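This is entry.txt. It holds compact mmCIF, C-alpha atoms.
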# COMPACT_ATOMS: atom_id res chain seq x y z
CA MET A 1 17.42 -37.95 6.55
CA GLU A 2 18.33 -36.35 3.24
CA HIS A 3 15.53 -34.49 1.46
CA ILE A 4 14.18 -36.45 -1.49
CA LYS A 5 12.10 -35.06 -4.33
CA LEU A 6 8.72 -36.57 -5.12
CA LEU A 7 8.57 -39.25 -7.76
CA ASN A 8 8.64 -37.98 -11.32
CA GLN A 9 5.45 -38.48 -13.29
CA GLY A 10 7.54 -40.41 -15.79
CA ASP A 11 8.13 -43.05 -13.11
CA LEU A 12 4.39 -43.56 -12.58
CA PRO A 13 1.58 -44.99 -14.70
CA ASN A 14 -0.86 -42.51 -16.23
CA GLY A 15 -3.51 -41.78 -13.64
CA VAL A 16 -1.23 -42.15 -10.61
CA SER A 17 0.18 -39.05 -8.90
CA SER A 18 2.56 -38.36 -6.02
CA ARG A 19 2.20 -35.88 -3.16
CA MET A 20 2.81 -35.30 0.55
CA ILE A 21 0.20 -35.10 3.31
CA ASN A 22 0.44 -34.74 7.10
CA ASN A 23 -1.19 -37.66 8.94
CA GLY A 24 -1.53 -35.90 12.31
CA ASN A 25 0.62 -38.59 13.94
CA GLY A 26 4.02 -37.01 13.42
CA LEU A 27 4.51 -37.90 9.78
CA ASP A 28 4.53 -36.04 6.51
CA VAL A 29 3.44 -39.00 4.43
CA HIS A 30 4.36 -39.51 0.81
CA ILE A 31 1.40 -41.04 -1.00
CA LEU A 32 0.57 -42.25 -4.45
CA GLU A 33 -3.07 -41.79 -5.38
CA ALA A 34 -5.40 -42.66 -8.22
CA GLY A 35 -9.08 -41.98 -8.81
CA GLN A 36 -11.27 -39.17 -7.56
CA LYS A 37 -11.95 -38.25 -3.95
CA SER A 38 -15.72 -38.36 -3.62
CA THR A 39 -18.40 -39.49 -1.21
CA LYS A 40 -19.40 -41.92 -3.97
CA ASN A 41 -15.91 -43.41 -4.33
CA PRO A 42 -14.83 -45.73 -1.49
CA CYS A 43 -11.26 -45.29 -0.29
CA VAL A 44 -8.86 -48.23 -0.69
CA LEU A 45 -5.61 -48.00 1.30
CA LEU A 46 -2.68 -50.10 0.07
CA LEU A 47 0.07 -50.90 2.61
CA HIS A 48 3.45 -52.17 1.37
CA GLY A 49 5.97 -54.45 3.05
CA PHE A 50 9.77 -54.84 3.24
CA PRO A 51 11.87 -53.84 1.37
CA GLU A 52 9.28 -52.01 -0.68
CA LEU A 53 7.51 -48.69 -1.10
CA ALA A 54 4.15 -47.23 -2.09
CA TYR A 55 5.55 -47.65 -5.61
CA SER A 56 5.04 -51.41 -5.27
CA TRP A 57 1.29 -50.84 -5.87
CA ARG A 58 1.67 -48.82 -9.08
CA LYS A 59 0.32 -51.58 -11.34
CA VAL A 60 -2.96 -52.23 -9.50
CA MET A 61 -3.93 -48.66 -8.60
CA VAL A 62 -5.42 -47.60 -11.93
CA PRO A 63 -7.60 -50.71 -12.40
CA LEU A 64 -9.04 -50.16 -8.91
CA ALA A 65 -9.56 -46.45 -9.61
CA ASP A 66 -11.20 -47.16 -12.96
CA ALA A 67 -13.73 -49.31 -11.10
CA GLY A 68 -14.79 -46.30 -9.01
CA HIS A 69 -12.45 -46.30 -6.02
CA TYR A 70 -10.18 -43.63 -4.59
CA VAL A 71 -6.90 -45.51 -4.19
CA VAL A 72 -4.06 -44.42 -1.90
CA ALA A 73 -0.70 -46.07 -1.25
CA PRO A 74 1.58 -44.49 1.38
CA ASP A 75 5.27 -44.89 2.05
CA GLN A 76 4.85 -46.23 5.57
CA ARG A 77 6.75 -45.11 8.66
CA GLY A 78 10.45 -45.81 8.15
CA TYR A 79 10.26 -45.90 4.37
CA GLY A 80 10.77 -43.87 1.25
CA LEU A 81 9.87 -40.21 0.97
CA THR A 82 7.77 -40.10 4.14
CA LYS A 83 9.32 -37.79 6.75
CA GLY A 84 9.03 -37.57 10.53
CA TRP A 85 10.78 -40.78 11.55
CA THR A 86 14.36 -41.47 12.56
CA ALA A 87 16.28 -44.68 11.88
CA ASN A 88 18.68 -45.03 14.76
CA PHE A 89 19.32 -48.60 15.91
CA ASP A 90 19.89 -47.37 19.46
CA GLY A 91 16.95 -44.98 19.33
CA ASP A 92 13.35 -45.24 20.52
CA LEU A 93 11.43 -48.18 19.03
CA GLN A 94 8.02 -47.03 20.32
CA PRO A 95 7.06 -45.12 17.15
CA PHE A 96 7.38 -48.41 15.23
CA ARG A 97 5.17 -50.51 17.52
CA MET A 98 2.00 -51.92 15.97
CA ASN A 99 -0.34 -49.60 17.85
CA ASN A 100 1.39 -46.59 16.34
CA LEU A 101 1.44 -48.07 12.84
CA ILE A 102 -2.34 -48.43 13.17
CA GLU A 103 -2.55 -44.78 14.22
CA ASP A 104 -0.49 -43.83 11.16
CA VAL A 105 -3.08 -45.46 8.91
CA ILE A 106 -6.09 -43.98 10.69
CA GLY A 107 -4.46 -40.54 10.77
CA LEU A 108 -3.80 -40.70 7.03
CA LEU A 109 -7.39 -41.72 6.35
CA HIS A 110 -8.72 -38.77 8.33
CA ALA A 111 -6.27 -36.40 6.64
CA LEU A 112 -7.76 -37.55 3.34
CA ASP A 113 -11.23 -36.61 4.67
CA TYR A 114 -12.49 -40.17 4.75
CA GLN A 115 -14.16 -41.77 7.75
CA GLU A 116 -13.87 -45.36 6.53
CA ALA A 117 -11.88 -47.42 4.05
CA ILE A 118 -10.96 -50.84 2.75
CA VAL A 119 -7.40 -51.73 3.78
CA VAL A 120 -5.04 -53.98 1.81
CA GLY A 121 -1.65 -55.10 3.09
CA HIS A 122 1.21 -57.02 1.50
CA ASP A 123 4.13 -58.71 3.31
CA PHE A 124 4.68 -56.76 6.56
CA GLY A 125 1.83 -54.51 5.46
CA SER A 126 -0.42 -57.55 5.93
CA PRO A 127 -0.19 -57.70 9.76
CA VAL A 128 -0.69 -53.92 9.84
CA ALA A 129 -3.84 -54.26 7.72
CA ALA A 130 -5.01 -57.18 9.87
CA SER A 131 -4.40 -55.17 13.03
CA CYS A 132 -6.38 -52.23 11.63
CA ALA A 133 -9.25 -54.57 10.76
CA LEU A 134 -9.27 -56.29 14.14
CA THR A 135 -8.94 -53.22 16.35
CA ARG A 136 -11.11 -50.77 14.39
CA PRO A 137 -13.90 -52.57 12.53
CA ASP A 138 -15.88 -49.34 12.82
CA ILE A 139 -13.43 -47.69 10.39
CA PHE A 140 -12.37 -50.49 8.07
CA ARG A 141 -15.16 -52.07 6.02
CA GLY A 142 -13.04 -54.78 4.45
CA VAL A 143 -9.50 -56.14 4.52
CA SER A 144 -7.38 -57.98 1.99
CA LEU A 145 -4.22 -59.68 3.18
CA MET A 146 -1.48 -60.55 0.73
CA SER A 147 1.43 -63.01 1.05
CA ALA A 148 1.47 -63.06 4.87
CA PRO A 149 -1.39 -65.09 6.43
CA PHE A 150 -3.01 -63.85 9.64
CA ALA A 151 -3.41 -66.64 12.18
CA GLY A 152 -4.63 -64.74 15.21
CA PHE A 153 -3.74 -61.86 17.44
CA PRO A 154 -1.64 -60.35 18.78
CA ILE A 155 1.16 -60.69 16.26
CA LEU A 156 3.81 -60.10 18.91
CA SER A 157 2.56 -62.83 21.21
CA SER A 158 2.50 -65.24 18.28
CA LEU A 159 6.13 -64.50 17.59
CA GLU A 160 7.01 -64.85 21.27
CA GLU A 161 5.28 -68.21 21.35
CA ILE A 162 7.44 -69.59 18.57
CA ALA A 163 10.66 -67.97 19.76
CA PRO A 164 10.32 -66.71 23.32
CA VAL A 165 12.22 -63.59 24.31
CA ARG A 166 12.28 -64.70 27.93
CA GLU A 167 14.53 -67.34 29.45
CA VAL A 168 13.93 -70.73 27.86
CA SER A 169 15.65 -74.08 28.04
CA ASP A 170 18.11 -75.03 25.32
CA ALA A 171 15.75 -77.83 24.30
CA THR A 172 13.08 -75.35 23.18
CA ASN A 173 15.34 -72.66 21.72
CA ILE A 174 14.70 -72.66 17.97
CA HIS A 175 17.71 -70.42 17.32
CA LYS A 176 20.06 -72.83 19.07
CA ASP A 177 18.51 -75.70 17.13
CA LEU A 178 18.96 -73.91 13.81
CA SER A 179 22.57 -73.08 14.60
CA SER A 180 23.20 -76.74 15.52
CA LEU A 181 22.13 -78.16 12.16
CA SER A 182 24.80 -79.89 10.06
CA VAL A 183 24.73 -76.73 7.92
CA PRO A 184 24.17 -74.08 10.61
CA ARG A 185 21.29 -71.73 9.86
CA LYS A 186 19.47 -68.70 11.29
CA HIS A 187 16.05 -67.08 10.86
CA TYR A 188 15.98 -63.98 8.66
CA GLN A 189 13.67 -62.00 10.98
CA TRP A 190 16.14 -62.27 13.84
CA TYR A 191 18.99 -61.40 11.47
CA TYR A 192 17.01 -58.30 10.42
CA SER A 193 16.78 -57.41 14.11
CA THR A 194 20.57 -57.18 14.53
CA GLY A 195 22.58 -53.99 14.50
CA ALA A 196 24.58 -55.20 11.49
CA ALA A 197 21.71 -55.82 9.07
CA ASN A 198 21.28 -52.27 7.78
CA GLU A 199 25.00 -51.79 7.22
CA ASP A 200 25.23 -55.20 5.54
CA MET A 201 22.60 -54.25 2.98
CA LEU A 202 23.34 -50.57 2.51
CA ASN A 203 27.07 -51.07 1.96
CA CYS A 204 27.11 -54.53 0.41
CA PRO A 205 29.87 -55.30 -2.13
CA GLN A 206 27.47 -55.64 -5.06
CA GLY A 207 25.75 -52.33 -4.31
CA VAL A 208 22.14 -51.69 -3.31
CA HIS A 209 20.77 -51.92 -6.85
CA ASN A 210 22.20 -55.37 -7.55
CA PHE A 211 21.35 -56.56 -4.05
CA LEU A 212 17.71 -55.64 -4.57
CA ARG A 213 17.70 -57.19 -8.03
CA ALA A 214 18.92 -60.50 -6.59
CA TYR A 215 16.57 -60.29 -3.60
CA TYR A 216 13.47 -59.59 -5.69
CA HIS A 217 14.45 -62.28 -8.22
CA HIS A 218 15.15 -64.88 -5.54
CA LYS A 219 11.68 -64.49 -3.98
CA SER A 220 9.78 -64.31 -7.28
CA ALA A 221 8.34 -66.96 -9.57
CA ASP A 222 11.30 -66.30 -11.88
CA TRP A 223 13.42 -68.36 -9.46
CA LYS A 224 12.18 -71.77 -10.53
CA GLN A 225 13.14 -73.47 -7.26
CA ASN A 226 10.32 -71.61 -5.49
CA LYS A 227 7.90 -74.53 -5.17
CA PRO A 228 6.44 -74.06 -1.69
CA PHE A 229 4.58 -76.59 0.41
CA PRO A 230 3.26 -76.64 4.00
CA LEU A 231 5.74 -77.30 6.80
CA ASN A 232 4.79 -79.72 9.55
CA ALA A 233 6.04 -77.87 12.62
CA TRP A 234 8.10 -75.00 13.99
CA THR A 235 11.28 -77.08 14.28
CA ALA A 236 14.76 -76.52 12.95
CA ASN A 237 14.61 -79.47 10.56
CA GLU A 238 11.31 -78.31 9.09
CA LEU A 239 12.32 -74.63 8.86
CA ALA A 240 15.53 -75.67 7.12
CA LYS A 241 13.38 -76.67 4.14
CA LEU A 242 12.71 -72.97 3.50
CA PRO A 243 14.94 -71.17 0.98
CA LYS A 244 17.98 -69.38 2.33
CA TYR A 245 16.37 -65.95 2.01
CA TYR A 246 14.19 -67.10 4.95
CA ILE A 247 16.43 -69.52 6.84
CA MET A 248 19.88 -68.16 6.11
CA ASP A 249 23.28 -69.78 6.50
CA LEU A 250 24.48 -68.81 9.97
CA ASP A 251 27.60 -67.00 8.75
CA GLN A 252 25.99 -65.08 5.88
CA THR A 253 24.52 -61.63 5.44
CA MET A 254 21.35 -61.21 3.38
CA PRO A 255 23.29 -59.77 0.40
CA GLN A 256 25.52 -62.85 0.51
CA ALA A 257 22.51 -65.16 0.79
CA VAL A 258 20.89 -63.83 -2.39
CA ALA A 259 24.05 -63.09 -4.40
CA THR A 260 24.35 -66.71 -5.52
CA GLU A 261 20.99 -66.34 -7.30
CA MET A 262 21.71 -63.05 -9.07
CA PRO A 263 19.84 -63.25 -12.40
CA THR A 264 21.75 -63.18 -15.66
CA ALA A 265 21.78 -60.16 -17.95
CA ASN A 266 19.29 -61.95 -20.20
CA GLN A 267 16.97 -62.70 -17.28
CA ILE A 268 17.10 -59.07 -16.18
CA GLU A 269 16.32 -57.86 -19.69
CA ASN A 270 13.30 -60.19 -19.82
CA CYS A 271 12.01 -59.32 -16.36
CA HIS A 272 8.98 -57.35 -17.50
CA TRP A 273 7.39 -57.12 -14.07
CA LEU A 274 10.41 -55.19 -12.72
CA THR A 275 12.45 -53.37 -15.34
CA GLU A 276 15.79 -51.76 -14.59
CA LYS A 277 14.11 -48.36 -14.69
CA GLU A 278 11.52 -49.49 -12.15
CA LEU A 279 14.14 -51.09 -9.92
CA MET A 280 16.08 -47.82 -9.99
CA VAL A 281 13.19 -46.12 -8.16
CA TYR A 282 13.67 -48.55 -5.27
CA SER A 283 17.46 -48.58 -5.25
CA ASP A 284 17.82 -44.79 -5.49
CA ILE A 285 15.53 -44.28 -2.51
CA PHE A 286 16.98 -47.04 -0.33
CA LYS A 287 20.49 -45.77 -1.03
CA ARG A 288 19.44 -42.48 0.54
CA THR A 289 17.24 -43.69 3.41
CA GLY A 290 18.93 -46.98 4.23
CA PHE A 291 16.93 -49.97 5.47
CA GLN A 292 16.84 -49.35 9.23
CA GLY A 293 13.41 -47.74 9.23
CA GLY A 294 11.85 -50.95 7.97
CA LEU A 295 14.10 -53.10 10.13
CA GLN A 296 12.72 -51.39 13.25
CA TRP A 297 9.40 -53.16 12.55
CA TYR A 298 11.15 -56.54 12.76
CA ARG A 299 12.85 -55.55 16.00
CA CYS A 300 9.49 -54.73 17.60
CA SER A 301 8.17 -58.14 16.53
CA THR A 302 11.11 -60.30 17.53
CA LYS A 303 11.74 -58.56 20.86
CA GLY A 304 8.12 -58.51 22.00
CA TYR A 305 8.62 -55.18 23.79
CA PHE A 306 5.11 -53.90 23.08
CA GLU A 307 3.06 -57.09 23.14
CA ALA A 308 0.89 -55.84 26.02
CA ASP A 309 -0.47 -53.02 23.82
CA LEU A 310 -2.90 -55.32 22.05
CA ARG A 311 -3.40 -58.07 24.59
CA GLU A 312 -7.17 -57.47 24.74
CA PHE A 313 -7.47 -58.89 21.21
CA VAL A 314 -5.94 -62.28 22.00
CA GLY A 315 -8.12 -65.05 20.62
CA LYS A 316 -10.38 -62.74 18.61
CA ALA A 317 -11.04 -63.23 14.91
CA ILE A 318 -11.31 -60.55 12.26
CA GLU A 319 -15.04 -60.27 11.65
CA ILE A 320 -15.21 -57.76 8.79
CA PRO A 321 -15.24 -59.12 5.21
CA SER A 322 -11.81 -60.34 4.16
CA CYS A 323 -9.85 -62.04 1.41
CA PHE A 324 -6.35 -63.42 0.98
CA ILE A 325 -4.14 -63.22 -2.12
CA ALA A 326 -0.66 -64.63 -2.62
CA GLY A 327 1.56 -66.01 -5.35
CA LYS A 328 1.39 -69.76 -5.85
CA ASN A 329 5.22 -69.71 -5.82
CA ASP A 330 5.44 -67.68 -2.59
CA TRP A 331 7.04 -69.42 0.38
CA GLY A 332 5.68 -66.61 2.55
CA VAL A 333 2.34 -68.44 2.63
CA TYR A 334 3.93 -71.31 4.55
CA GLN A 335 6.87 -69.76 6.41
CA ARG A 336 4.95 -69.94 9.70
CA PRO A 337 3.71 -73.54 9.91
CA GLY A 338 -0.06 -73.78 10.29
CA ALA A 339 -0.77 -70.06 9.84
CA PHE A 340 -2.34 -70.39 6.39
CA GLU A 341 -4.69 -73.12 7.60
CA THR A 342 -5.61 -71.35 10.85
CA MET A 343 -6.35 -68.15 8.94
CA GLN A 344 -8.90 -69.95 6.79
CA SER A 345 -10.48 -72.00 9.58
CA SER A 346 -10.82 -69.47 12.38
CA ALA A 347 -8.84 -66.21 12.23
CA LEU A 348 -10.93 -64.63 9.44
CA SER A 349 -14.60 -65.24 10.22
CA ASP A 350 -15.92 -63.71 6.98
CA LEU A 351 -13.35 -64.91 4.43
CA ARG A 352 -14.78 -64.24 0.97
CA GLY A 353 -11.91 -65.47 -1.17
CA CYS A 354 -8.53 -67.14 -0.87
CA TYR A 355 -6.43 -67.00 -4.02
CA LEU A 356 -3.01 -68.40 -4.92
CA VAL A 357 -2.03 -66.71 -8.17
CA GLU A 358 -0.30 -68.71 -10.88
CA ASN A 359 3.17 -67.62 -12.05
CA ALA A 360 3.68 -65.29 -9.09
CA GLY A 361 6.07 -65.41 -6.16
CA HIS A 362 6.27 -63.08 -3.20
CA TRP A 363 5.81 -59.83 -5.17
CA VAL A 364 2.38 -60.90 -6.39
CA GLN A 365 0.91 -57.46 -7.11
CA GLN A 366 3.92 -56.62 -9.29
CA GLU A 367 4.42 -60.03 -10.91
CA GLN A 368 0.76 -60.58 -11.84
CA PRO A 369 -1.03 -57.23 -11.41
CA LEU A 370 -3.94 -58.11 -13.71
CA ASP A 371 -4.89 -61.20 -11.73
CA VAL A 372 -4.44 -59.39 -8.42
CA SER A 373 -6.58 -56.48 -9.61
CA GLN A 374 -9.32 -58.86 -10.68
CA HIS A 375 -9.28 -60.68 -7.35
CA LEU A 376 -9.38 -57.41 -5.42
CA LEU A 377 -12.23 -56.06 -7.53
CA ARG A 378 -14.16 -59.31 -7.11
CA PHE A 379 -13.77 -58.90 -3.35
CA LEU A 380 -14.66 -55.21 -3.36
CA THR A 381 -17.92 -55.89 -5.20
CA THR A 382 -19.04 -58.06 -2.26
CA LEU A 383 -18.86 -55.19 0.22

Translate the structure of the given file into structure tokens.
Amino acid sequence: MEHIKLLNQGDLPNGVSSRMINNGNGLDVHILEAGQKSTKNPCVLLLHGFPELAYSWRKVMVPLADAGHYVVAPDQRGYGLTKGWTANFDGDLQPFRMNNLIEDVIGLLHALDYQEAIVVGHDFGSPVAASCALTRPDIFRGVSLMSAPFAGFPILSSLEEIAPVREVSDATNIHKDLSSLSVPRKHYQWYYSTGAANEDMLNCPQGVHNFLRAYYHHKSADWKQNKPFPLNAWTANELAKLPKYYIMDLDQTMPQAVATEMPTANQIENCHWLTEKELMVYSDIFKRTGFQGGLQWYRCSTKGYFEADLREFVGKAIEIPSCFIAGKNDWGVYQRPGAFETMQSSALSDLRGCYLVENAGHWVQQEQPLDVSQHLLRFLTTL
């Protein structure tokens, strides 16, 4: 992977800095940090999702630090400026299994000289945060999940249950059912697990920058058609109600799926939550690293190769204090039918807040950072 310089201070809010640190688990981790390291200042770890970076947390870090926390956001394994991973589709997937992602987080915490922390995860960072909270409640004092509900463990078995990797009859094969719809469709997570996905996105006709602009726009509250509602079941007809960035046309790539919703020049100019300068931070880095590092996480989930790693936690709830935050316009809350409801009723036994933020889609901490900061601080004061 090509060497990449640290982020310029001009790319970051005042009070947020960028550096590298070895996590003792094979990674030189790029982190953003805010606040002072001190025994009096609790550590808050912020875990991003796909296709994002530590930079995605830039707007909430200072408010949390100003309230007396030491705030750290890493580029996770497979992403950004963090080094020590390889992104070879035919390579070893074991470093990207959930157990090792947990070790990455714990190793980083220890490298920062902290013995405990509050962990916050957004998108694919949410199941990592949930896994940390469930497996090591002795280390993590609280957990906030964002945009991706946690409905029980293990994550991999849940995915196998809804789309088994073993031999199944045609009648229960959701992928066959999706492809048999009058407008044939496919699930984005299984598309992300294909060998073509990285090449499709990295070398798309519109270029990485415009692809990401359309992708972020399409999943945000700026796309007015994002008016989510609960789905009744994991069936093709129900899943087909999801936007095409989740349930794609069978013959399309992700860049093709989002290209039809590319915002206008005027919309881009008025997108204050993600300016062109801010988007350039993402696009410049993904142009250099590609997307395969993040896609390896999806492959571990959809293939179920490492589901036995965490089998002992089947049926267990997260017992440490928790909260959930998502955009009111985020389909991610409902993309797995029943997960949002199960999370609230049984999977989080000490749920201290569940917030759906107005005028926010999937990128809630960037679209409405003030509201998200307030919800997080309200939760943190309960610990």

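Distances here use all atoms listed in the file; by that measure, the residue among A:Gln344, A:Ser322, A:Asn329, A:Gln267 closest to A:Val120 is A:Ser322.
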
Just how far from atom CA of A:Asn203 is atom CA of A:Ala257, in Å to one decimal?
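Atom-to-atom, atom CA of A:Ala257 to atom CA of A:Asn203, that is 14.9 Å.
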
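Considering the residues A:Phe50, A:Phe379, A:Tyr334, A:Tyr55 and counting only C-alpha atoms, A:Leu239 has its shortest atom-to-atom contact with A:Tyr334.
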
Residue neighbourhood A:His110, 9 Å, only C-alpha atoms, exclusion window fewer than 6 positions, as a ChimeraX atom specification
/A:23-24,116

For the residues in the current selection, export C-alpha atoms as a compact mmCIF listing (two decimals), in the coordinates of the input.
# COMPACT_ATOMS: atom_id res chain seq x y z
CA ASN A 23 -1.19 -37.66 8.94
CA GLY A 24 -1.53 -35.90 12.31
CA GLU A 116 -13.87 -45.36 6.53

Show which residues sit within 6 Å of A:Leu45, as an NGL selection string. Count only C-alpha atoms, and ignore same-chain residues fewer than 4 positions away.
:A and (72-73 or 119)

Name the residues in contact with stretch 181-193 of chain A at a cut-off of 12 Å, using all atoms listed in the file, excluding same-chain residues fewer than 6 positions from it; report them as a ChimeraX atom specification.
/A:50-51,89-90,93,124,159,162-165,173-175,199-201,234-255,257,291-304,335-336

Please produce a file of the residues just selected, as a PDB file, in the frame of the given file, where the atoms kept are C-alpha atoms.
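Produced file out12.pdb, reproduced below:
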ATOM      1  CA  PHE A  50       9.770 -54.840   3.240  1.00  0.00           C
ATOM      2  CA  PRO A  51      11.870 -53.840   1.370  1.00  0.00           C
ATOM      3  CA  PHE A  89      19.320 -48.600  15.910  1.00  0.00           C
ATOM      4  CA  ASP A  90      19.890 -47.370  19.460  1.00  0.00           C
ATOM      5  CA  LEU A  93      11.430 -48.180  19.030  1.00  0.00           C
ATOM      6  CA  PHE A 124       4.680 -56.760   6.560  1.00  0.00           C
ATOM      7  CA  LEU A 159       6.130 -64.500  17.590  1.00  0.00           C
ATOM      8  CA  ILE A 162       7.440 -69.590  18.570  1.00  0.00           C
ATOM      9  CA  ALA A 163      10.660 -67.970  19.760  1.00  0.00           C
ATOM     10  CA  PRO A 164      10.320 -66.710  23.320  1.00  0.00           C
ATOM     11  CA  VAL A 165      12.220 -63.590  24.310  1.00  0.00           C
ATOM     12  CA  ASN A 173      15.340 -72.660  21.720  1.00  0.00           C
ATOM     13  CA  ILE A 174      14.700 -72.660  17.970  1.00  0.00           C
ATOM     14  CA  HIS A 175      17.710 -70.420  17.320  1.00  0.00           C
ATOM     15  CA  GLU A 199      25.000 -51.790   7.220  1.00  0.00           C
ATOM     16  CA  ASP A 200      25.230 -55.200   5.540  1.00  0.00           C
ATOM     17  CA  MET A 201      22.600 -54.250   2.980  1.00  0.00           C
ATOM     18  CA  TRP A 234       8.100 -75.000  13.990  1.00  0.00           C
ATOM     19  CA  THR A 235      11.280 -77.080  14.280  1.00  0.00           C
ATOM     20  CA  ALA A 236      14.760 -76.520  12.950  1.00  0.00           C
ATOM     21  CA  ASN A 237      14.610 -79.470  10.560  1.00  0.00           C
ATOM     22  CA  GLU A 238      11.310 -78.310   9.090  1.00  0.00           C
ATOM     23  CA  LEU A 239      12.320 -74.630   8.860  1.00  0.00           C
ATOM     24  CA  ALA A 240      15.530 -75.670   7.120  1.00  0.00           C
ATOM     25  CA  LYS A 241      13.380 -76.670   4.140  1.00  0.00           C
ATOM     26  CA  LEU A 242      12.710 -72.970   3.500  1.00  0.00           C
ATOM     27  CA  PRO A 243      14.940 -71.170   0.980  1.00  0.00           C
ATOM     28  CA  LYS A 244      17.980 -69.380   2.330  1.00  0.00           C
ATOM     29  CA  TYR A 245      16.370 -65.950   2.010  1.00  0.00           C
ATOM     30  CA  TYR A 246      14.190 -67.100   4.950  1.00  0.00           C
ATOM     31  CA  ILE A 247      16.430 -69.520   6.840  1.00  0.00           C
ATOM     32  CA  MET A 248      19.880 -68.160   6.110  1.00  0.00           C
ATOM     33  CA  ASP A 249      23.280 -69.780   6.500  1.00  0.00           C
ATOM     34  CA  LEU A 250      24.480 -68.810   9.970  1.00  0.00           C
ATOM     35  CA  ASP A 251      27.600 -67.000   8.750  1.00  0.00           C
ATOM     36  CA  GLN A 252      25.990 -65.080   5.880  1.00  0.00           C
ATOM     37  CA  THR A 253      24.520 -61.630   5.440  1.00  0.00           C
ATOM     38  CA  MET A 254      21.350 -61.210   3.380  1.00  0.00           C
ATOM     39  CA  PRO A 255      23.290 -59.770   0.400  1.00  0.00           C
ATOM     40  CA  ALA A 257      22.510 -65.160   0.790  1.00  0.00           C
ATOM     41  CA  PHE A 291      16.930 -49.970   5.470  1.00  0.00           C
ATOM     42  CA  GLN A 292      16.840 -49.350   9.230  1.00  0.00           C
ATOM     43  CA  GLY A 293      13.410 -47.740   9.230  1.00  0.00           C
ATOM     44  CA  GLY A 294      11.850 -50.950   7.970  1.00  0.00           C
ATOM     45  CA  LEU A 295      14.100 -53.100  10.130  1.00  0.00           C
ATOM     46  CA  GLN A 296      12.720 -51.390  13.250  1.00  0.00           C
ATOM     47  CA  TRP A 297       9.400 -53.160  12.550  1.00  0.00           C
ATOM     48  CA  TYR A 298      11.150 -56.540  12.760  1.00  0.00           C
ATOM     49  CA  ARG A 299      12.850 -55.550  16.000  1.00  0.00           C
ATOM     50  CA  CYS A 300       9.490 -54.730  17.600  1.00  0.00           C
ATOM     51  CA  SER A 301       8.170 -58.140  16.530  1.00  0.00           C
ATOM     52  CA  THR A 302      11.110 -60.300  17.530  1.00  0.00           C
ATOM     53  CA  LYS A 303      11.740 -58.560  20.860  1.00  0.00           C
ATOM     54  CA  GLY A 304       8.120 -58.510  22.000  1.00  0.00           C
ATOM     55  CA  GLN A 335       6.870 -69.760   6.410  1.00  0.00           C
ATOM     56  CA  ARG A 336       4.950 -69.940   9.700  1.00  0.00           C
TER      57      ARG A 336
END

Polymer residues at most 9 Å from A:Phe313, only C-alpha atoms, same-chain spacing of 2 or more positions, as a PDB file with C-alpha atoms, keeping the file's coordinate frame:
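Saved file around-v5.pdb follows:
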ATOM      1  CA  LEU A 134      -9.270 -56.290  14.140  1.00  0.00           C
ATOM      2  CA  THR A 135      -8.940 -53.220  16.350  1.00  0.00           C
ATOM      3  CA  GLY A 152      -4.630 -64.740  15.210  1.00  0.00           C
ATOM      4  CA  PHE A 153      -3.740 -61.860  17.440  1.00  0.00           C
ATOM      5  CA  PRO A 154      -1.640 -60.350  18.780  1.00  0.00           C
ATOM      6  CA  LEU A 310      -2.900 -55.320  22.050  1.00  0.00           C
ATOM      7  CA  ARG A 311      -3.400 -58.070  24.590  1.00  0.00           C
ATOM      8  CA  GLY A 315      -8.120 -65.050  20.620  1.00  0.00           C
ATOM      9  CA  LYS A 316     -10.380 -62.740  18.610  1.00  0.00           C
ATOM     10  CA  ALA A 317     -11.040 -63.230  14.910  1.00  0.00           C
TER      11      ALA A 317
END

Answer as a ChimeraX atom specification, residues within 12 Å of (-2.6, -52.0, -1.4) using all atoms listed in the file:
/A:31-34,43-49,52-62,64,70-76,117-126,128-129,143-147,325,364-366,369,372-373,376

Would you please work out which residue, of A:Pro228, A:Arg141, A:Ala214, A:Asp177, is nearest to A:Ala265 when using all atoms listed in the file?
A:Ala214

Nearest residue to A:His209 from the set A:Ser283, A:Gln9, A:Ser38, A:Thr342 (distances using only C-alpha atoms):
A:Ser283

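The closest residue to A:Asp330, picked from A:Thr382, A:Gln368, A:Ser345, A:Ser220 and counting all atoms listed in the file, is A:Ser220.
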
Of the candidates A:Lys37, A:Arg97, A:His362, A:Lys287, which one gets nearest to A:Gly207 if we count only C-alpha atoms?
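So, comparing all the options, the nearest one is A:Lys287.
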
Between atom CA of A:Trp85 and atom CA of A:Asp309, measure the distance and give it in Å to one decimal.
20.7 Å

For atom CA of A:Glu103 and atom CA of A:Leu351, the interatomic separation in Å (one decimal)
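Pair atom CA of A:Glu103 / atom CA of A:Leu351 returns 24.9 Å.
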
Name all residues at most 8 Å from A:Asn359 (count all atoms listed in the file; drop same-chain ones fewer than 2 positions away) and give them as a list in words.
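These residues fall inside the cut-off: Ala221, Gly327, Lys328, Asn329, Val357, Gly361, Glu367 and Gln368 of chain A.
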